[in-house]
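Okay, so here's the structure we're looking at.
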Amino acid sequence: MYLQRPELLWLVPAVLAAGLLYTKRTPRKLLVITRTLVVCLIIIALANPYTVTTHTKDVSRPRITILSDQTASMEIFDLKVAERLSGRIQDSQLRYFSGESTPLGDRIIQYMPQADSILLVSDGYSNSGRPLRDALLLARSSNVSVFAVEMKPEAKEAGIEISGSNIAVLDGDYPFKIVIRKSGSISGDLVVYADDLEIFRSSLESINESLRISHRFRSTGTHMLRAEIHPDEDHFESNNRYTKAVYVVPKPRVLLLGRSSPLMDVLGDLFDLSTADALPQSLSGYKAVVLDNIKYDPELDRLKDYVAGGGGLVVVGGPDAYELGGYYSTVFERALPVVSSPSLFEGGKVMIMVMDISGSTMAPMRIGESTTYLDYEKSLAIELLRSPELRDARVGVVVFGTKPYVVSQPVPVRNRGVIEESIKSLQTPIGKDETNLDEGLRLAWKIINESRAEADIVVISDGRIEPDKVKGDRVFLNSVDILRKMNATVTLIQVQSYAGSAGRFQEMASLTGATFRPAVYPSSLTVRTPEIEREHEVAENVSGYTLVITDENHYITGDIEINATISGFNDVTPKPGAQRLVALTDGKPIVTAMRYGLGRSVSLATDDGSAWAQPLYAEDNSMLISSMVNWAVGDPRPEKERVESGDGWAGSPLEIYVSSESPPRIGAGARIESTAPGRYTVTIVPESEGVYYVNDYGIAVNYPLEYREFGFNPELRGLIEANGGKIFTEEEAGRSIVEEARRASERLVQERASISWQPLLAALVLFLLEVTIRRLREIRG
């Protein structure tokens, strides 16, 4: 039993105390006692006691809404699919939406109250309104299943986009990326212009998805990059041209303390570079300071205030830097994103594998085969350990059956040989046979809480958690309760001999928000092509230390690729809050960045290319160096009278950030908000393509966002299946959608049942009983 307003129960002791006190002073004790109890029962009723009941929801004729996307990007598909399905699916409702944008998430939420299941007939690209992922999660929590029809384009289509920074440095290499999107086999030409001067030409057949180009601008101010494709066959013409406005600024002043090296050559080509042997008295005018293999000197402590005040700092390693240069525990080190001491890197994430070793896992996967469910579980667990996504994680193993126990505490996955041996040695215990998943989850939860790290839990089981005579369905309900309370990402992997085999993991996932993944014997969970396997083997066999990008969402690493091996590095430890961007394959940090005060600080834990890291300064990899210093510099323009904005899309809101002493003057329809003294945010909705200017800063607006993505979204299948849905072909949907919707609607749901009527009834009975007894006494008297 639970109480909705438990705080009201504090009145009960007060009423009882008052009643007891009054009883001692009056001869009418029965009246006082009964009235006191009646008041207490009324207070309990006002606290609204309730119980939680669990029952299975079964819809014999599910309400199915077919949601047909008729927006502009759908013109390359067969637009009659939804109508044909509506004719085949009895009692279904057909709903359309159209326009120059696709608010797919909003439309799912709009029709959720009217349906038990929603069937999407769409390309799966949502470009406005509520994110599609959030809408699917909301539908799942509301017990509405979302399915989709796999669409195949009937027309060929190609589009183009330019990706890159909107700020460039005068006479420096400005790298940018041309993104080509295709639907079908497209032939034709690609031409790239800079201020109407052709700088690149190629055939579309020679470009897979993207290519990288660089250009040097010879004057400051706004310049235009324009990319055009001329396909031989194409449905939409509006997305065949993309314009990018690039604002070119003078080279920022950068100070380098160090020797002549490949690092100096790279920086000298990109910045207004000054060199010195020691830190000058004044650093005003310098946007960033680069230290190249510099031993600690108390003068370096001044850089702490320089960075905190808005300056940039890049520290490059070597035999005289970091732990070898005396940085540890100095004032100067406070401004660095790393601690200058060796790191025992244990990864930023903990993953706990919870494996089922109950008696049912000893059954063979299929009749006539010797492979058991437990054997298949082991192979899947070892396969997950070898996944590249876990190279920085710590992995622990917990098993459950009749009793849970820890097979392996979390250790770095680079020690996976030890973990694999522990998994291979697992056996089903002899004796009492139970499947206490809740106890295994509780033990995994304890390990996660002790680690105090971002955590994932992967449960591998046959999913057979059936009620028994003694415990009823307590194991299942306890497991659901634990998963809901966990602060972890949970994946439930149900091993199956055939698709659709018995098990309750899909039901558990729908109740908890976990991800459900069926593993049908003998399929794999992580597929790696032979090419990837060969590349992986080569990478492990080369001498030296291979560098890998660990965070692709940062400015420094967001648009680059690294193919470099170094022979030495400084052993450092990232500080809490710093971002480890490039590391060795065992997780040792090489490039780490963080903000300090108003400024930015970057650590490069290898040298300037003189001895350890020559490949890092070669033409193919030197973009990492320029990106590091550019990020440390930030925007080289003065703080006042500055305009910042990215590219825009016709018909979509565009935000412009303006630093100015007075509010900016923008045309009618713009919304201007003051976010800080001298800082304004301007929001406009450009109605047409073109170049818009705020002072001398140009902003390019291109075709509507609706034409950016086309074809069938390859990510839709994962989103739908992760939330309990399924992707059908048109024929499959017409044949089995009703049965799938009915099966999906059979859920174990929990509902509140108020029992406040019980104390009210007891109070009424007690009151009537007291009145009756008192009247009988009066009559008898």
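The chains in the structure tokens are called A, B, ... from first to last as shown; in each chain the residues are counted from 1, and the ligands are counted from 1 in the order shown.
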
### Message
Residues within 8 Å of region 727-743 of chain A, please, as a ChimeraX atom specification. Count only C-alpha atoms; anything in the same chain fewer than 4 positions from it doesn't count.
### Response
/A:58-62,64,81,85,88-89,116-117,145,147-151,717,720-721

Dump of C-alpha atoms for the selected residues, as a CSV table (one decimal), in the first residue's frame:
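So selection28.csv came out as:
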chain,number,residue,atom,x,y,z
A,58,ASP,CA,-4.8,-7.3,-24.4
A,59,VAL,CA,-6.4,-5.5,-27.3
A,60,SER,CA,-8.3,-8.0,-29.6
A,61,ARG,CA,-8.8,-5.4,-32.3
A,62,PRO,CA,-6.0,-2.8,-32.1
A,64,ILE,CA,-4.1,1.2,-36.2
A,81,VAL,CA,1.5,3.0,-50.7
A,85,LEU,CA,-2.4,-0.5,-47.1
A,88,ARG,CA,-6.0,-4.0,-46.9
A,89,ILE,CA,-5.9,-3.3,-43.1
A,116,ASP,CA,-2.8,1.5,-30.2
A,117,SER,CA,-0.3,1.3,-33.0
A,145,SER,CA,3.6,0.8,-30.8
A,147,PHE,CA,5.9,0.5,-37.0
A,148,ALA,CA,7.2,1.6,-40.4
A,149,VAL,CA,7.1,0.6,-44.0
A,150,GLU,CA,10.5,0.3,-45.8
A,151,MET,CA,10.3,2.6,-48.8
A,717,ARG,CA,15.2,0.8,-38.5
A,720,ILE,CA,11.9,1.7,-34.5
A,721,GLU,CA,13.3,-1.6,-33.3

Name the residues in contact with Ser329 (chain A) at a cut-off of 10 Å, using only C-alpha atoms, excluding same-chain residues fewer than 6 positions from it; report them as an MDAnalysis selection string.
chainID A and resid 339:341

Compare A:Ile162, A:Ala381, A:Leu511, A:Ile482 by their minimum atom-to-atom distance to Val246 (chain A), counting only C-alpha atoms, and give me the closest one.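 Result for the nearest residue to Val246 (chain A): A:Ile162.
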
Sorted by chain and rising residue number, which residues of region 480-591 of chain A lie within 6 Å of region 456-476 of chain A, and what are their closest atom pairs and distances in Å to one decimal, counting only C-alpha atoms, as a tab-separated table?
residue	atom	partner	partner_atom	distance
A:Ala488	CA	A:Asp456	CA	5.4
A:Thr489	CA	A:Asp456	CA	4.7
A:Val490	CA	A:Ile457	CA	4.8
A:Thr491	CA	A:Val458	CA	4.8
A:Leu492	CA	A:Val459	CA	5.0
A:Ile493	CA	A:Ile460	CA	4.9
A:Gln494	CA	A:Asp462	CA	5.1
A:Val495	CA	A:Asp462	CA	4.9
A:Gly503	CA	A:Gly463	CA	4.4
A:Arg504	CA	A:Gly463	CA	5.2
A:Phe505	CA	A:Gly463	CA	5.3

Limited to N, CA, C and O atoms, could you put the picked residues into a file as a PDB file, in the first residue's frame?
ATOM      1  N   ALA A 488      21.682   3.893 -15.587  1.00  0.00           N
ATOM      2  CA  ALA A 488      22.566   3.201 -16.521  1.00  0.00           C
ATOM      3  C   ALA A 488      21.812   2.924 -17.818  1.00  0.00           C
ATOM      4  O   ALA A 488      20.580   2.868 -17.847  1.00  0.00           O
ATOM      5  N   THR A 489      22.573   2.752 -18.886  1.00  0.00           N
ATOM      6  CA  THR A 489      22.012   2.347 -20.174  1.00  0.00           C
ATOM      7  C   THR A 489      21.950   0.822 -20.201  1.00  0.00           C
ATOM      8  O   THR A 489      22.964   0.154 -20.007  1.00  0.00           O
ATOM      9  N   VAL A 490      20.755   0.272 -20.423  1.00  0.00           N
ATOM     10  CA  VAL A 490      20.548  -1.172 -20.301  1.00  0.00           C
ATOM     11  C   VAL A 490      20.178  -1.765 -21.660  1.00  0.00           C
ATOM     12  O   VAL A 490      19.322  -1.232 -22.372  1.00  0.00           O
ATOM     13  N   THR A 491      20.836  -2.854 -22.008  1.00  0.00           N
ATOM     14  CA  THR A 491      20.507  -3.619 -23.216  1.00  0.00           C
ATOM     15  C   THR A 491      20.170  -5.042 -22.803  1.00  0.00           C
ATOM     16  O   THR A 491      20.958  -5.689 -22.101  1.00  0.00           O
ATOM     17  N   LEU A 492      19.015  -5.515 -23.225  1.00  0.00           N
ATOM     18  CA  LEU A 492      18.564  -6.868 -22.909  1.00  0.00           C
ATOM     19  C   LEU A 492      18.705  -7.730 -24.162  1.00  0.00           C
ATOM     20  O   LEU A 492      18.000  -7.523 -25.149  1.00  0.00           O
ATOM     21  N   ILE A 493      19.631  -8.671 -24.134  1.00  0.00           N
ATOM     22  CA  ILE A 493      19.889  -9.557 -25.273  1.00  0.00           C
ATOM     23  C   ILE A 493      19.272 -10.912 -24.964  1.00  0.00           C
ATOM     24  O   ILE A 493      19.677 -11.589 -24.017  1.00  0.00           O
ATOM     25  N   GLN A 494      18.283 -11.296 -25.758  1.00  0.00           N
ATOM     26  CA  GLN A 494      17.580 -12.565 -25.539  1.00  0.00           C
ATOM     27  C   GLN A 494      18.036 -13.568 -26.589  1.00  0.00           C
ATOM     28  O   GLN A 494      17.791 -13.405 -27.783  1.00  0.00           O
ATOM     29  N   VAL A 495      18.752 -14.599 -26.140  1.00  0.00           N
ATOM     30  CA  VAL A 495      19.226 -15.627 -27.063  1.00  0.00           C
ATOM     31  C   VAL A 495      18.051 -16.530 -27.429  1.00  0.00           C
ATOM     32  O   VAL A 495      17.252 -16.909 -26.584  1.00  0.00           O
ATOM     33  N   GLY A 503      10.183 -15.948 -24.335  1.00  0.00           N
ATOM     34  CA  GLY A 503      11.037 -15.121 -23.489  1.00  0.00           C
ATOM     35  C   GLY A 503      10.326 -13.825 -23.164  1.00  0.00           C
ATOM     36  O   GLY A 503       9.420 -13.395 -23.899  1.00  0.00           O
ATOM     37  N   ARG A 504      10.729 -13.153 -22.071  1.00  0.00           N
ATOM     38  CA  ARG A 504       9.997 -11.973 -21.613  1.00  0.00           C
ATOM     39  C   ARG A 504      10.845 -10.703 -21.647  1.00  0.00           C
ATOM     40  O   ARG A 504      10.469  -9.698 -21.057  1.00  0.00           O
ATOM     41  N   PHE A 505      11.992 -10.744 -22.337  1.00  0.00           N
ATOM     42  CA  PHE A 505      12.845  -9.561 -22.354  1.00  0.00           C
ATOM     43  C   PHE A 505      12.219  -8.413 -23.133  1.00  0.00           C
ATOM     44  O   PHE A 505      12.419  -7.246 -22.798  1.00  0.00           O
TER      45      PHE A 505
END

So that I can see what lies close to Thr675 (chain A), please list as a list of chain:residue names the residues with an atom at most 12 Å from it, counting only C-alpha atoms and leaving out residues fewer than 3 positions away in the same chain.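 In the requested form, the answer reads A:Tyr657, A:Val658, A:Ser659, A:Ser660, A:Pro663, A:Ile672, A:Gly678, A:Arg679, A:Tyr680, A:Thr681, A:Val682.
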
Worksheet item: Between A:Val548, A:Leu267, A:Met1, A:Leu766, which has the minimum distance to Thr36 (chain A) (counting only C-alpha atoms)?
Response: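 The answer is A:Leu766, which sits nearest to Thr36 (chain A).
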
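Among the candidate residues A:Val12, A:Ile352, A:Ile560, A:Ala499, the one lying nearest to Lys177 (chain A) is A:Ile560, with distances computed using only C-alpha atoms.
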
| request: Measure the distance from CA of Ile229 (chain A) to CA of Gly172 (chain A) in Å and round it to one decimal. | output: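 Pair CA of Ile229 (chain A) / CA of Gly172 (chain A) returns 26.8 Å.
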
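Of the listed residues A:Leu385, A:Ile180, A:Ala605, A:Ala288, the one whose atoms come nearest to Met351 (chain A) is A:Leu385, with distances taken using only C-alpha atoms.
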
* Can you tell me, as number ranges by chain, what residues are no more than 12 Å from Gly184 (chain A) when counting only C-alpha atoms, ignoring any on the same chain fewer than 4 positions away? -> A: 76, 152-159, 205, 231, 233-235, 710-712

Nearest to Asp78 (chain A), restricted to only C-alpha atoms and choosing among A:Ala363, A:Val121, A:Pro175, A:Ser101, comes out as A:Val121

Among A:Gln281, A:Val691, A:Gln496, A:Arg5, Pro364 (chain A) is approached most closely, using only C-alpha atoms, by A:Gln496

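Backbone DSSP over region 272-394 of chain A yields strand (DSSP E or B) at Asp272, Leu273, Ser274, Thr275, Ala276, Ala288, Val289, Val290, Leu291, Asp292, Gly312, Leu313, Val314, Val315, Val316, Val338, Val339, Lys349, Val350, Met351, Ile352, Met353, Val354, Met355, Asp356, Pro364, Thr372, Ala393 and Arg394 of chain A.
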
- Message: Need the shell around region 129-133 of chain A: protein/DNA/RNA residues with any atom at most 9 Å away, counting only C-alpha atoms. Skip same-chain ones fewer than 5 positions apart. Format as a list in words?
- Response: Thr102, Pro103, Leu104, Gly105, Asp106, Ile108, Ile109, Gly124, Leu138, Leu719 and Ile720 of chain A

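The coordinates place CA of Lys244 (chain A) at 26.0 Å from CA of Glu673 (chain A).
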
Between CA of Pro342 (chain A) and CA of Ala578 (chain A) lies a distance of 16.2 Å

Skipping near chain neighbours, those fewer than 6 positions away, what residues fall within 8 Å of region 306-318 of chain A using only C-alpha atoms, listed as a PyMOL selection string? chain A and resi 283+286-293+335+569-570+596-608+628-629+632-634

Dump of C-alpha atoms for the selected residues, as a CSV table (one decimal), in the first residue's frame:
chain,number,residue,atom,x,y,z
A,283,LEU,CA,51.4,39.0,-23.5
A,286,TYR,CA,48.8,37.4,-28.5
A,287,LYS,CA,45.8,35.3,-29.0
A,288,ALA,CA,47.6,32.1,-28.0
A,289,VAL,CA,50.9,30.9,-26.5
A,290,VAL,CA,52.4,27.6,-27.6
A,291,LEU,CA,55.0,26.0,-25.4
A,292,ASP,CA,57.2,23.5,-27.2
A,293,ASN,CA,59.1,21.1,-24.9
A,335,ALA,CA,45.7,26.0,-16.4
A,569,PHE,CA,54.8,10.2,-25.5
A,570,ASN,CA,54.5,12.0,-22.2
A,596,TYR,CA,39.9,27.5,-18.1
A,597,GLY,CA,38.2,30.7,-17.0
A,598,LEU,CA,37.5,32.7,-20.2
A,599,GLY,CA,40.3,31.0,-22.1
A,600,ARG,CA,41.1,27.6,-23.6
A,601,SER,CA,43.9,25.1,-23.0
A,602,VAL,CA,45.2,22.2,-25.0
A,603,SER,CA,47.7,19.5,-24.2
A,604,LEU,CA,49.6,17.5,-26.9
A,605,ALA,CA,51.4,14.8,-25.0
A,606,THR,CA,54.0,14.0,-27.7
A,607,ASP,CA,56.7,16.1,-29.2
A,608,ASP,CA,57.1,18.7,-32.0
A,628,MET,CA,44.4,22.6,-31.9
A,629,VAL,CA,45.8,26.0,-32.1
A,632,ALA,CA,42.9,27.7,-28.5
A,633,VAL,CA,42.9,31.0,-30.3
A,634,GLY,CA,39.0,31.0,-30.6

inquiry  = DSSP on the backbone, alpha helix (DSSP H) only: what residues of region 546-644 of chain A does that give? Format it as a PyMOL selection string.
reply    = chain A and resi 623-633

Non-local contacts of region 404-421 of chain A (9 Å; only C-alpha atoms; under 2 positions in same chain excluded) as a PyMOL selection string: chain A and resi 345-347+350-352+378+381-382+385-386+390-402+423-426+436-437+439-441+443-444+447+451+585-586
